[in-house]
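What follows is the content of model.cif, which has mmCIF, C-alpha atoms:
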data_input
#
loop_
_atom_site.group_PDB
_atom_site.id
_atom_site.type_symbol
_atom_site.label_atom_id
_atom_site.label_comp_id
_atom_site.auth_asym_id
_atom_site.auth_seq_id
_atom_site.Cartn_x
_atom_site.Cartn_y
_atom_site.Cartn_z
ATOM 1 C CA MET A 26 110.164 90.771 105.488
ATOM 2 C CA SER A 27 107.054 90.356 107.609
ATOM 3 C CA PHE A 28 103.506 90.283 106.265
ATOM 4 C CA ARG A 29 102.100 93.820 106.456
ATOM 5 C CA ALA A 30 98.353 94.423 106.677
ATOM 6 C CA THR A 31 96.716 97.833 106.429
ATOM 7 C CA VAL A 32 92.985 98.068 107.097
ATOM 8 C CA LEU A 33 90.956 101.095 106.026
ATOM 9 C CA THR A 34 87.883 101.373 108.212
ATOM 10 C CA LEU A 35 85.406 103.681 109.926
ATOM 11 C CA TYR A 36 85.909 101.629 113.099
ATOM 12 C CA PRO A 37 89.639 101.136 113.772
ATOM 13 C CA GLU A 38 88.817 100.206 117.368
ATOM 14 C CA MET A 39 87.544 96.865 116.055
ATOM 15 C CA PHE A 40 91.171 95.843 115.385
ATOM 16 C CA PRO A 41 93.117 93.785 116.216
ATOM 17 C CA GLY A 42 90.114 92.211 117.968
ATOM 18 C CA SER A 43 90.435 88.436 117.878
ATOM 19 C CA LEU A 44 93.687 88.815 115.948
ATOM 20 C CA GLY A 45 95.341 90.045 119.138
ATOM 21 C CA HIS A 46 94.957 86.623 120.753
ATOM 22 C CA SER A 47 96.176 83.051 120.347
ATOM 23 C CA LEU A 48 98.400 82.239 117.339
ATOM 24 C CA ALA A 49 97.756 85.484 115.467
ATOM 25 C CA GLY A 50 98.286 87.577 118.594
ATOM 26 C CA ARG A 51 101.574 85.928 119.459
ATOM 27 C CA ALA A 52 102.756 86.325 115.869
ATOM 28 C CA LEU A 53 101.722 89.995 115.914
ATOM 29 C CA GLU A 54 103.672 90.565 119.115
ATOM 30 C CA ALA A 55 106.686 88.730 117.691
ATOM 31 C CA GLY A 56 106.690 90.855 114.540
ATOM 32 C CA THR A 57 105.875 87.994 112.195
ATOM 33 C CA TRP A 58 103.199 90.272 110.787
ATOM 34 C CA SER A 59 102.075 93.842 111.368
ATOM 35 C CA LEU A 60 98.674 95.515 111.425
ATOM 36 C CA GLU A 61 97.948 99.179 110.755
ATOM 37 C CA THR A 62 94.489 100.762 110.742
ATOM 38 C CA VAL A 63 93.544 103.883 108.815
ATOM 39 C CA GLN A 64 90.512 105.943 109.820
ATOM 40 C CA ILE A 65 88.705 106.753 106.572
ATOM 41 C CA ARG A 66 87.063 109.851 108.074
ATOM 42 C CA ASP A 67 90.490 111.461 108.394
ATOM 43 C CA PHE A 68 90.405 111.954 104.624
ATOM 44 C CA ALA A 69 87.075 113.766 104.445
ATOM 45 C CA THR A 70 87.314 117.496 103.719
ATOM 46 C CA ASP A 71 84.211 118.933 105.381
ATOM 47 C CA ARG A 72 83.774 119.759 109.049
ATOM 48 C CA HIS A 73 81.360 116.838 109.507
ATOM 49 C CA ARG A 74 83.969 114.372 108.141
ATOM 50 C CA THR A 75 81.424 113.033 105.654
ATOM 51 C CA VAL A 76 82.385 109.801 103.891
ATOM 52 C CA ASP A 77 79.116 108.903 102.139
ATOM 53 C CA ASP A 78 76.296 110.385 100.079
ATOM 54 C CA THR A 79 72.942 109.401 98.565
ATOM 55 C CA PRO A 80 73.046 106.908 95.671
ATOM 56 C CA ALA A 81 72.895 108.287 92.139
ATOM 57 C CA GLY A 82 69.587 107.286 90.586
ATOM 58 C CA GLY A 83 67.882 107.087 93.962
ATOM 59 C CA GLY A 84 67.346 104.215 96.323
ATOM 60 C CA ALA A 85 67.785 103.281 99.955
ATOM 61 C CA GLY A 86 70.906 103.767 102.010
ATOM 62 C CA MET A 87 74.115 105.648 101.379
ATOM 63 C CA VAL A 88 77.197 105.030 99.219
ATOM 64 C CA MET A 89 80.800 105.555 100.288
ATOM 65 C CA ARG A 90 82.377 108.397 98.304
ATOM 66 C CA ALA A 91 85.075 107.733 95.728
ATOM 67 C CA ASP A 92 87.062 110.907 96.441
ATOM 68 C CA VAL A 93 87.370 110.310 100.172
ATOM 69 C CA LEU A 94 88.281 106.654 99.737
ATOM 70 C CA ALA A 95 90.815 107.446 97.021
ATOM 71 C CA ARG A 96 92.691 109.786 99.358
ATOM 72 C CA ALA A 97 92.675 107.147 102.104
ATOM 73 C CA ILE A 98 93.911 104.387 99.800
ATOM 74 C CA ASP A 99 96.618 106.563 98.247
ATOM 75 C CA HIS A 100 97.847 107.411 101.737
ATOM 76 C CA ALA A 101 97.863 103.773 102.854
ATOM 77 C CA ALA A 102 99.356 102.394 99.648
ATOM 78 C CA PRO A 103 101.417 104.968 97.723
ATOM 79 C CA GLN A 104 102.422 104.264 94.147
ATOM 80 C CA GLY A 105 104.803 101.329 94.041
ATOM 81 C CA ASP A 106 103.305 99.513 97.040
ATOM 82 C CA PRO A 107 103.289 95.864 95.891
ATOM 83 C CA ARG A 108 100.485 94.726 98.183
ATOM 84 C CA PRO A 109 97.134 93.740 96.646
ATOM 85 C CA LYS A 110 94.255 96.097 97.430
ATOM 86 C CA LEU A 111 91.178 94.210 98.620
ATOM 87 C CA LEU A 112 87.592 95.328 99.172
ATOM 88 C CA MET A 113 85.529 93.139 101.486
ATOM 89 C CA SER A 114 82.209 92.859 99.646
ATOM 90 C CA PRO A 115 79.344 90.318 99.502
ATOM 91 C CA ARG A 116 79.440 90.535 95.708
ATOM 92 C CA GLY A 117 83.134 89.655 95.573
ATOM 93 C CA LYS A 118 84.750 86.400 94.556
ATOM 94 C CA PRO A 119 84.357 83.828 97.363
ATOM 95 C CA LEU A 120 87.492 83.552 99.467
ATOM 96 C CA ALA A 121 89.093 80.145 98.932
ATOM 97 C CA GLN A 122 92.049 78.460 100.548
ATOM 98 C CA ALA A 123 94.129 78.827 97.390
ATOM 99 C CA ARG A 124 93.742 82.624 97.535
ATOM 100 C CA VAL A 125 94.535 82.587 101.254
ATOM 101 C CA ARG A 126 97.787 80.725 100.570
ATOM 102 C CA ALA A 127 98.710 83.147 97.805
ATOM 103 C CA LEU A 128 98.155 86.116 100.105
ATOM 104 C CA ALA A 129 100.204 84.471 102.865
ATOM 105 C CA ALA A 130 103.092 84.067 100.428
ATOM 106 C CA GLY A 131 103.037 87.768 99.547
ATOM 107 C CA PRO A 132 104.118 91.003 101.225
ATOM 108 C CA GLY A 133 100.751 91.745 102.819
ATOM 109 C CA ALA A 134 97.440 93.356 101.884
ATOM 110 C CA VAL A 135 95.608 96.661 101.934
ATOM 111 C CA ILE A 136 92.019 95.957 102.962
ATOM 112 C CA LEU A 137 89.113 98.358 102.543
ATOM 113 C CA CYS A 138 86.113 97.682 104.787
ATOM 114 C CA GLY A 139 82.914 98.771 103.108
ATOM 115 C CA ARG A 140 79.891 100.123 104.969
ATOM 116 C CA PHE A 141 76.376 101.309 104.139
ATOM 117 C CA GLU A 142 75.061 100.232 100.706
ATOM 118 C CA GLY A 143 78.506 99.907 99.198
ATOM 119 C CA VAL A 144 81.378 101.746 97.527
ATOM 120 C CA ASP A 145 81.278 104.011 94.461
ATOM 121 C CA GLN A 146 82.101 101.779 91.478
ATOM 122 C CA ARG A 147 84.473 104.385 90.053
ATOM 123 C CA LEU A 148 86.747 103.996 93.078
ATOM 124 C CA ILE A 149 86.810 100.200 92.659
ATOM 125 C CA GLU A 150 87.860 100.571 89.028
ATOM 126 C CA ALA A 151 90.273 103.479 89.504
ATOM 127 C CA ARG A 152 92.222 101.769 92.279
ATOM 128 C CA ALA A 153 91.905 98.232 90.866
ATOM 129 C CA LEU A 154 90.334 96.831 94.015
ATOM 130 C CA GLU A 155 89.888 93.065 94.247
ATOM 131 C CA GLU A 156 86.457 92.386 95.714
ATOM 132 C CA VAL A 157 86.465 89.481 98.177
ATOM 133 C CA SER A 158 83.515 87.764 99.857
ATOM 134 C CA VAL A 159 83.626 85.500 102.905
ATOM 135 C CA GLY A 160 80.194 84.002 102.286
ATOM 136 C CA ASP A 161 76.746 84.360 100.795
ATOM 137 C CA TYR A 162 75.326 86.517 103.561
ATOM 138 C CA ILE A 163 75.314 90.178 104.520
ATOM 139 C CA LEU A 164 77.336 91.629 107.395
ATOM 140 C CA SER A 165 76.939 95.076 108.932
ATOM 141 C CA GLY A 166 80.296 96.044 107.446
ATOM 142 C CA GLY A 167 83.554 94.758 106.058
ATOM 143 C CA GLU A 168 85.380 94.650 109.393
ATOM 144 C CA PRO A 169 84.283 91.149 110.498
ATOM 145 C CA ALA A 170 85.100 89.882 107.014
ATOM 146 C CA ALA A 171 88.558 91.488 107.148
ATOM 147 C CA LEU A 172 89.209 89.839 110.512
ATOM 148 C CA THR A 173 88.231 86.491 109.023
ATOM 149 C CA LEU A 174 90.472 86.929 105.988
ATOM 150 C CA LEU A 175 93.462 87.980 108.074
ATOM 151 C CA ASP A 176 92.973 85.131 110.525
ATOM 152 C CA ALA A 177 93.010 82.643 107.637
ATOM 153 C CA VAL A 178 96.149 84.212 106.168
ATOM 154 C CA VAL A 179 98.188 84.818 109.325
ATOM 155 C CA ARG A 180 97.963 81.233 110.565
ATOM 156 C CA LEU A 181 99.747 80.144 107.360
ATOM 157 C CA LEU A 182 102.702 82.486 107.792
ATOM 158 C CA PRO A 183 105.976 80.655 108.493
ATOM 159 C CA GLY A 184 106.430 79.920 112.183
ATOM 160 C CA VAL A 185 102.895 80.834 113.281
ATOM 161 C CA MET A 186 101.657 77.256 113.659
ATOM 162 C CA GLY A 187 103.847 75.036 115.786
ATOM 163 C CA ASN A 188 103.359 72.070 113.460
ATOM 164 C CA GLU A 189 103.563 73.204 109.830
ATOM 165 C CA ALA A 190 101.797 70.006 108.742
ATOM 166 C CA SER A 191 98.686 71.307 110.502
ATOM 167 C CA GLY A 192 98.161 73.731 107.644
ATOM 168 C CA GLU A 193 98.540 71.042 105.006
ATOM 169 C CA GLU A 194 96.072 68.479 106.329
ATOM 170 C CA GLU A 195 92.924 70.566 106.608
ATOM 171 C CA SER A 196 89.630 71.100 104.842
ATOM 172 C CA PHE A 197 90.037 72.525 101.310
ATOM 173 C CA GLU A 198 93.815 72.009 101.189
ATOM 174 C CA GLY A 199 93.451 68.864 99.069
ATOM 175 C CA GLY A 200 90.123 69.807 97.528
ATOM 176 C CA LEU A 201 88.230 67.825 100.166
ATOM 177 C CA LEU A 202 86.724 68.458 103.568
ATOM 178 C CA GLU A 203 88.844 67.220 106.440
ATOM 179 C CA HIS A 204 88.433 63.714 107.864
ATOM 180 C CA PRO A 205 86.991 63.177 111.384
ATOM 181 C CA HIS A 206 89.267 63.464 114.420
ATOM 182 C CA TYR A 207 89.391 61.438 117.639
ATOM 183 C CA THR A 208 91.391 61.445 120.875
ATOM 184 C CA ARG A 209 91.223 59.899 124.356
ATOM 185 C CA PRO A 210 89.266 58.523 126.110
ATOM 186 C CA GLN A 211 89.067 55.345 124.040
ATOM 187 C CA LEU A 212 85.377 54.998 124.890
ATOM 188 C CA PHE A 213 83.010 57.967 125.188
ATOM 189 C CA GLU A 214 79.337 57.353 126.030
ATOM 190 C CA GLY A 215 79.502 53.974 124.335
ATOM 191 C CA ARG A 216 81.251 55.311 121.223
ATOM 192 C CA ALA A 217 84.727 53.921 120.523
ATOM 193 C CA ILE A 218 87.587 55.351 118.505
ATOM 194 C CA PRO A 219 87.644 53.512 115.137
ATOM 195 C CA ASP A 220 89.954 50.513 115.435
ATOM 196 C CA VAL A 221 91.986 51.493 112.389
ATOM 197 C CA LEU A 222 93.230 54.634 114.156
ATOM 198 C CA THR A 223 94.769 52.615 116.977
ATOM 199 C CA SER A 224 96.152 49.862 114.707
ATOM 200 C CA GLY A 225 99.537 51.491 114.199
ATOM 201 C CA ASN A 226 99.267 50.756 110.469
ATOM 202 C CA HIS A 227 99.980 54.143 108.909
ATOM 203 C CA GLY A 228 99.021 53.019 105.407
ATOM 204 C CA ARG A 229 95.579 51.864 106.563
ATOM 205 C CA ILE A 230 95.146 55.039 108.622
ATOM 206 C CA ALA A 231 95.936 57.252 105.610
ATOM 207 C CA ALA A 232 93.526 55.294 103.410
ATOM 208 C CA TRP A 233 90.769 55.527 106.054
ATOM 209 C CA ARG A 234 91.226 59.257 106.435
ATOM 210 C CA ARG A 235 91.050 59.786 102.693
ATOM 211 C CA GLU A 236 87.902 57.650 102.387
ATOM 212 C CA GLU A 237 86.239 59.552 105.221
ATOM 213 C CA ALA A 238 87.231 62.905 103.693
ATOM 214 C CA GLU A 239 85.727 61.906 100.356
ATOM 215 C CA LYS A 240 82.553 60.661 102.066
ATOM 216 C CA LEU A 241 82.085 63.900 104.018
ATOM 217 C CA THR A 242 82.717 65.973 100.904
ATOM 218 C CA ARG A 243 80.132 64.032 98.904
ATOM 219 C CA GLU A 244 77.585 64.485 101.699
ATOM 220 C CA ARG A 245 78.221 68.123 102.646
ATOM 221 C CA ARG A 246 80.040 69.873 99.780
ATOM 222 C CA PRO A 247 79.421 67.975 96.534
ATOM 223 C CA ASP A 248 80.157 71.244 94.694
ATOM 224 C CA LEU A 249 83.843 70.699 95.485
ATOM 225 C CA LEU A 250 84.032 67.358 93.702
ATOM 226 C CA PRO A 251 83.654 68.431 90.025
ATOM 227 C CA ALA A 252 86.583 70.835 90.355
ATOM 228 C CA ARG A 253 88.677 68.188 92.067
ATOM 229 C CA GLU A 254 87.822 65.493 89.501
ATOM 230 C CA GLY A 255 88.847 67.885 86.730
ATOM 231 C CA GLU A 256 92.318 68.134 88.292
ATOM 232 C CA GLU A 257 92.861 64.387 88.454
#

Serialized structure, structure tokens:
Amino acid sequence: MSFRATVLTLYPEMFPGSLGHSLAGRALEAGTWSLETVQIRDFATDRHRTVDDTPAGGGAGMVMRADVLARAIDHAAPQGDPRPKLLMSPRGKPLAQARVRALAAGPGAVILCGRFEGVDQRLIEARALEEVSVGDYILSGGEPAALTLLDAVVRLLPGVMGNEASGEEESFEGGLLEHPHYTRPQLFEGRAIPDVLTSGNHGRIAAWRREEAEKLTRERRPDLLPAREGEE
């Protein structure tokens, strides 16, 4: 069974976007995964197709309505649909590679793209939405975040990457950032490829790559090290 993604959005024309190209695009065309978009406004009941209203208690901006979103979600994922229901939100749990792998191993995902100031909390609780963040910054809406999440997931689906080892030797897969990479020419503007990489000694190469990965992680993402040390 292929991975099935359903995206609920006010801007379905934003999809597949970048997902229609390269590895994800070829996999989409081959049927390795499928993508459906649902226009949230189709589930509004007034002639203006209203999906938001002013926040209770006052404040700036607008809030997406629980009743409209509930109808859209129930249409996209009827009772018994095994796919997790995700809400792209800056207050969500940061997306990590472990969660990406878990999603890739499942049947797919139903993804709600928030807009405006956010989504009525009652809808999040009533439909058990998992809030997911792609970083500590604010986007204009959940669509770019959904594209990012799906790109991360789709590349891990069986057969999408030509070399399956490519997905195993990357940043975050082993709790470390990835080691540096080099290729020809041997000399570039006076900078040579490290000798160890052309030595043919696979044991030394593996040790060098691990040392470099640990060095980069200490320098750039020391927050990753406590969690990793706790696993060892």

Next item on the list: Using only C-alpha atoms, pick whichever of A:Leu112, A:Thr208, A:Thr75, A:Ala121 has the shortest atom-to-atom distance to Leu222 of chain A.
Entry: A:Thr208

Note to self: For the provided coordinates, the residues matched by the PyMOL selection byres ((chain A and resi 201) around 8) should be stated as a VMD selection string.
What the structure shows: chain A and resid 196 to 200 202 to 203 238 to 239 242 249 to 250

Next item on the list: Starting from the displayed file, determine the output of the PyMOL selection byres ((chain A and resi 30-36) around 10) and express the residue list as a ChimeraX atom specification.
Entry: /A:27-29,37-40,58-67,76,94,97-98,101-102,108,110-112,132-140,166-168,171-172,175,179

Next item on the list: Please provide the set of residues having any atom within 8 Å of Val221 of chain A, restricted to only C-alpha atoms, with same-chain residues fewer than 5 positions apart removed, written as a ChimeraX atom specification.
Entry: /A:226,229-230,233

What does the file look like for those residues with C-alpha atoms, as a tab-separated table (two decimals), in the frame of the given file?
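Here's the written file out-v9.tsv:
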chain	number	residue	atom	x	y	z
A	226	ASN	CA	99.27	50.76	110.47
A	229	ARG	CA	95.58	51.86	106.56
A	230	ILE	CA	95.15	55.04	108.62
A	233	TRP	CA	90.77	55.53	106.05

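Taking only C-alpha atoms into account, Gly184 of chain A lies nearest to A:Ala52 out of the set A:Arg235, A:Ala52, A:Gly42, A:Pro119.
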
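The spacing separating atom CA of Asp176 of chain A from atom CA of Arg246 of chain A amounts to 22.7 Å.
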
Check: At what distance in Å, to one decimal, does atom CA of Glu156 of chain A lie from atom CA of Arg124 of chain A?
Finding: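 Spanning atom CA of Arg124 of chain A to atom CA of Glu156 of chain A is a straight-line distance of 12.3 Å.
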
Checklist line | Reference answer for the PyMOL selection byres ((chain A and resi 81-87) around 10), as a PyMOL selection string | finding: chain A and resi 76-80+88-90+140-145

Check: By how many Å are atom CA of Glu214 of chain A and atom CA of His227 of chain A apart?
Finding: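 One can read the atom CA of Glu214 of chain A to atom CA of His227 of chain A distance as 27.0 Å.
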
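Nearest to Ser43 of chain A of all the residues A:Pro251, A:Pro169, A:Thr70, A:Ala232 is A:Pro169, based on all atoms listed in the file.
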
Next item on the list: May I have the residues within 8 Å of Ala170 of chain A as a list in words, using only C-alpha atoms and disregarding those fewer than 5 positions away in the same chain?
Entry: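 Neighbouring residues, sequence-local ones excluded: Met113, Ser158, Val159 and Leu164 of chain A.
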
Margin query: Neighbouring residues of Leu48 of chain A were defined as those with any atom within 8 Å, considering all atoms listed in the file; residues of the same chain fewer than 5 positions away were excluded. Please report them as JSON, numbers by chain.
Written below: {"A": [180, 185, 186]}

Could you please fill out segment 93-128 of chain A with N, CA and C atoms and send it back as a PDB file, keeping the file's coordinate frame?
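What follows is the written file selection_15.pdb:
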ATOM      1  N   VAL A  93      86.852 110.515  98.816  1.00  0.00           N
ATOM      2  CA  VAL A  93      87.370 110.310 100.172  1.00  0.00           C
ATOM      3  C   VAL A  93      88.165 109.013 100.241  1.00  0.00           C
ATOM      4  N   LEU A  94      87.608 107.950  99.690  1.00  0.00           N
ATOM      5  CA  LEU A  94      88.281 106.654  99.737  1.00  0.00           C
ATOM      6  C   LEU A  94      89.575 106.664  98.938  1.00  0.00           C
ATOM      7  N   ALA A  95      89.589 107.377  97.831  1.00  0.00           N
ATOM      8  CA  ALA A  95      90.815 107.446  97.021  1.00  0.00           C
ATOM      9  C   ALA A  95      91.952 108.081  97.814  1.00  0.00           C
ATOM     10  N   ARG A  96      91.645 109.144  98.552  1.00  0.00           N
ATOM     11  CA  ARG A  96      92.691 109.786  99.358  1.00  0.00           C
ATOM     12  C   ARG A  96      93.188 108.829 100.453  1.00  0.00           C
ATOM     13  N   ALA A  97      92.278 108.090 101.051  1.00  0.00           N
ATOM     14  CA  ALA A  97      92.675 107.147 102.104  1.00  0.00           C
ATOM     15  C   ALA A  97      93.547 106.028 101.548  1.00  0.00           C
ATOM     16  N   ILE A  98      93.150 105.476 100.407  1.00  0.00           N
ATOM     17  CA  ILE A  98      93.911 104.387  99.800  1.00  0.00           C
ATOM     18  C   ILE A  98      95.288 104.866  99.343  1.00  0.00           C
ATOM     19  N   ASP A  99      95.336 106.042  98.728  1.00  0.00           N
ATOM     20  CA  ASP A  99      96.618 106.563  98.247  1.00  0.00           C
ATOM     21  C   ASP A  99      97.571 106.856  99.403  1.00  0.00           C
ATOM     22  N   HIS A 100      97.015 107.210 100.543  1.00  0.00           N
ATOM     23  CA  HIS A 100      97.847 107.411 101.737  1.00  0.00           C
ATOM     24  C   HIS A 100      98.369 106.074 102.255  1.00  0.00           C
ATOM     25  N   ALA A 101      97.486 105.079 102.301  1.00  0.00           N
ATOM     26  CA  ALA A 101      97.863 103.773 102.854  1.00  0.00           C
ATOM     27  C   ALA A 101      98.777 102.988 101.926  1.00  0.00           C
ATOM     28  N   ALA A 102      98.582 103.155 100.629  1.00  0.00           N
ATOM     29  CA  ALA A 102      99.356 102.394  99.648  1.00  0.00           C
ATOM     30  C   ALA A 102      99.814 103.317  98.532  1.00  0.00           C
ATOM     31  N   PRO A 103     100.898 104.069  98.757  1.00  0.00           N
ATOM     32  CA  PRO A 103     101.417 104.968  97.723  1.00  0.00           C
ATOM     33  C   PRO A 103     101.827 104.199  96.480  1.00  0.00           C
ATOM     34  N   GLN A 104     102.006 104.891  95.397  1.00  0.00           N
ATOM     35  CA  GLN A 104     102.422 104.264  94.147  1.00  0.00           C
ATOM     36  C   GLN A 104     103.687 103.435  94.368  1.00  0.00           C
ATOM     37  N   GLY A 105     103.665 102.223  93.870  1.00  0.00           N
ATOM     38  CA  GLY A 105     104.803 101.329  94.041  1.00  0.00           C
ATOM     39  C   GLY A 105     104.612 100.317  95.147  1.00  0.00           C
ATOM     40  N   ASP A 106     103.593 100.495  95.986  1.00  0.00           N
ATOM     41  CA  ASP A 106     103.305  99.513  97.040  1.00  0.00           C
ATOM     42  C   ASP A 106     102.867  98.221  96.366  1.00  0.00           C
ATOM     43  N   PRO A 107     103.581  97.110  96.608  1.00  0.00           N
ATOM     44  CA  PRO A 107     103.289  95.864  95.891  1.00  0.00           C
ATOM     45  C   PRO A 107     102.109  95.077  96.442  1.00  0.00           C
ATOM     46  N   ARG A 108     101.550  95.508  97.547  1.00  0.00           N
ATOM     47  CA  ARG A 108     100.485  94.726  98.183  1.00  0.00           C
ATOM     48  C   ARG A 108      99.170  94.812  97.401  1.00  0.00           C
ATOM     49  N   PRO A 109      98.440  93.692  97.296  1.00  0.00           N
ATOM     50  CA  PRO A 109      97.134  93.740  96.646  1.00  0.00           C
ATOM     51  C   PRO A 109      96.162  94.592  97.469  1.00  0.00           C
ATOM     52  N   LYS A 110      95.262  95.262  96.769  1.00  0.00           N
ATOM     53  CA  LYS A 110      94.255  96.097  97.430  1.00  0.00           C
ATOM     54  C   LYS A 110      92.915  95.364  97.368  1.00  0.00           C
ATOM     55  N   LEU A 111      92.391  95.020  98.526  1.00  0.00           N
ATOM     56  CA  LEU A 111      91.178  94.210  98.620  1.00  0.00           C
ATOM     57  C   LEU A 111      90.013  95.031  99.151  1.00  0.00           C
ATOM     58  N   LEU A 112      88.823  94.738  98.656  1.00  0.00           N
ATOM     59  CA  LEU A 112      87.592  95.328  99.172  1.00  0.00           C
ATOM     60  C   LEU A 112      86.707  94.192  99.659  1.00  0.00           C
ATOM     61  N   MET A 113      86.412  94.165 100.946  1.00  0.00           N
ATOM     62  CA  MET A 113      85.529  93.139 101.486  1.00  0.00           C
ATOM     63  C   MET A 113      84.101  93.477 101.053  1.00  0.00           C
ATOM     64  N   SER A 114      83.504  92.572 100.263  1.00  0.00           N
ATOM     65  CA  SER A 114      82.209  92.859  99.646  1.00  0.00           C
ATOM     66  C   SER A 114      81.437  91.560  99.425  1.00  0.00           C
ATOM     67  N   PRO A 115      80.130  91.538  99.723  1.00  0.00           N
ATOM     68  CA  PRO A 115      79.344  90.318  99.502  1.00  0.00           C
ATOM     69  C   PRO A 115      79.223  89.945  98.030  1.00  0.00           C
ATOM     70  N   ARG A 116      79.519  90.861  97.131  1.00  0.00           N
ATOM     71  CA  ARG A 116      79.440  90.535  95.708  1.00  0.00           C
ATOM     72  C   ARG A 116      80.802  90.126  95.154  1.00  0.00           C
ATOM     73  N   GLY A 117      81.793  90.025  96.012  1.00  0.00           N
ATOM     74  CA  GLY A 117      83.134  89.655  95.573  1.00  0.00           C
ATOM     75  C   GLY A 117      83.278  88.173  95.296  1.00  0.00           C
ATOM     76  N   LYS A 118      84.439  87.810  94.794  1.00  0.00           N
ATOM     77  CA  LYS A 118      84.750  86.400  94.556  1.00  0.00           C
ATOM     78  C   LYS A 118      84.900  85.699  95.902  1.00  0.00           C
ATOM     79  N   PRO A 119      84.265  84.531  96.075  1.00  0.00           N
ATOM     80  CA  PRO A 119      84.357  83.828  97.363  1.00  0.00           C
ATOM     81  C   PRO A 119      85.812  83.535  97.739  1.00  0.00           C
ATOM     82  N   LEU A 120      86.145  83.811  98.978  1.00  0.00           N
ATOM     83  CA  LEU A 120      87.492  83.552  99.467  1.00  0.00           C
ATOM     84  C   LEU A 120      87.713  82.047  99.568  1.00  0.00           C
ATOM     85  N   ALA A 121      88.755  81.568  98.920  1.00  0.00           N
ATOM     86  CA  ALA A 121      89.093  80.145  98.932  1.00  0.00           C
ATOM     87  C   ALA A 121      90.495  79.963  99.489  1.00  0.00           C
ATOM     88  N   GLN A 122      90.772  78.732  99.912  1.00  0.00           N
ATOM     89  CA  GLN A 122      92.049  78.460 100.548  1.00  0.00           C
ATOM     90  C   GLN A 122      93.220  78.745  99.622  1.00  0.00           C
ATOM     91  N   ALA A 123      93.041  78.546  98.327  1.00  0.00           N
ATOM     92  CA  ALA A 123      94.129  78.827  97.390  1.00  0.00           C
ATOM     93  C   ALA A 123      94.479  80.314  97.408  1.00  0.00           C
ATOM     94  N   ARG A 124      93.474  81.180  97.487  1.00  0.00           N
ATOM     95  CA  ARG A 124      93.742  82.624  97.535  1.00  0.00           C
ATOM     96  C   ARG A 124      94.378  82.991  98.869  1.00  0.00           C
ATOM     97  N   VAL A 125      93.950  82.347  99.942  1.00  0.00           N
ATOM     98  CA  VAL A 125      94.535  82.587 101.254  1.00  0.00           C
ATOM     99  C   VAL A 125      96.026  82.255 101.230  1.00  0.00           C
ATOM    100  N   ARG A 126      96.371  81.120 100.646  1.00  0.00           N
ATOM    101  CA  ARG A 126      97.787  80.725 100.570  1.00  0.00           C
ATOM    102  C   ARG A 126      98.591  81.708  99.727  1.00  0.00           C
ATOM    103  N   ALA A 127      98.002  82.181  98.652  1.00  0.00           N
ATOM    104  CA  ALA A 127      98.710  83.147  97.805  1.00  0.00           C
ATOM    105  C   ALA A 127      98.959  84.449  98.558  1.00  0.00           C
ATOM    106  N   LEU A 128      97.978  84.900  99.314  1.00  0.00           N
ATOM    107  CA  LEU A 128      98.155  86.116 100.105  1.00  0.00           C
ATOM    108  C   LEU A 128      99.229  85.919 101.175  1.00  0.00           C
TER     109      LEU A 128
END
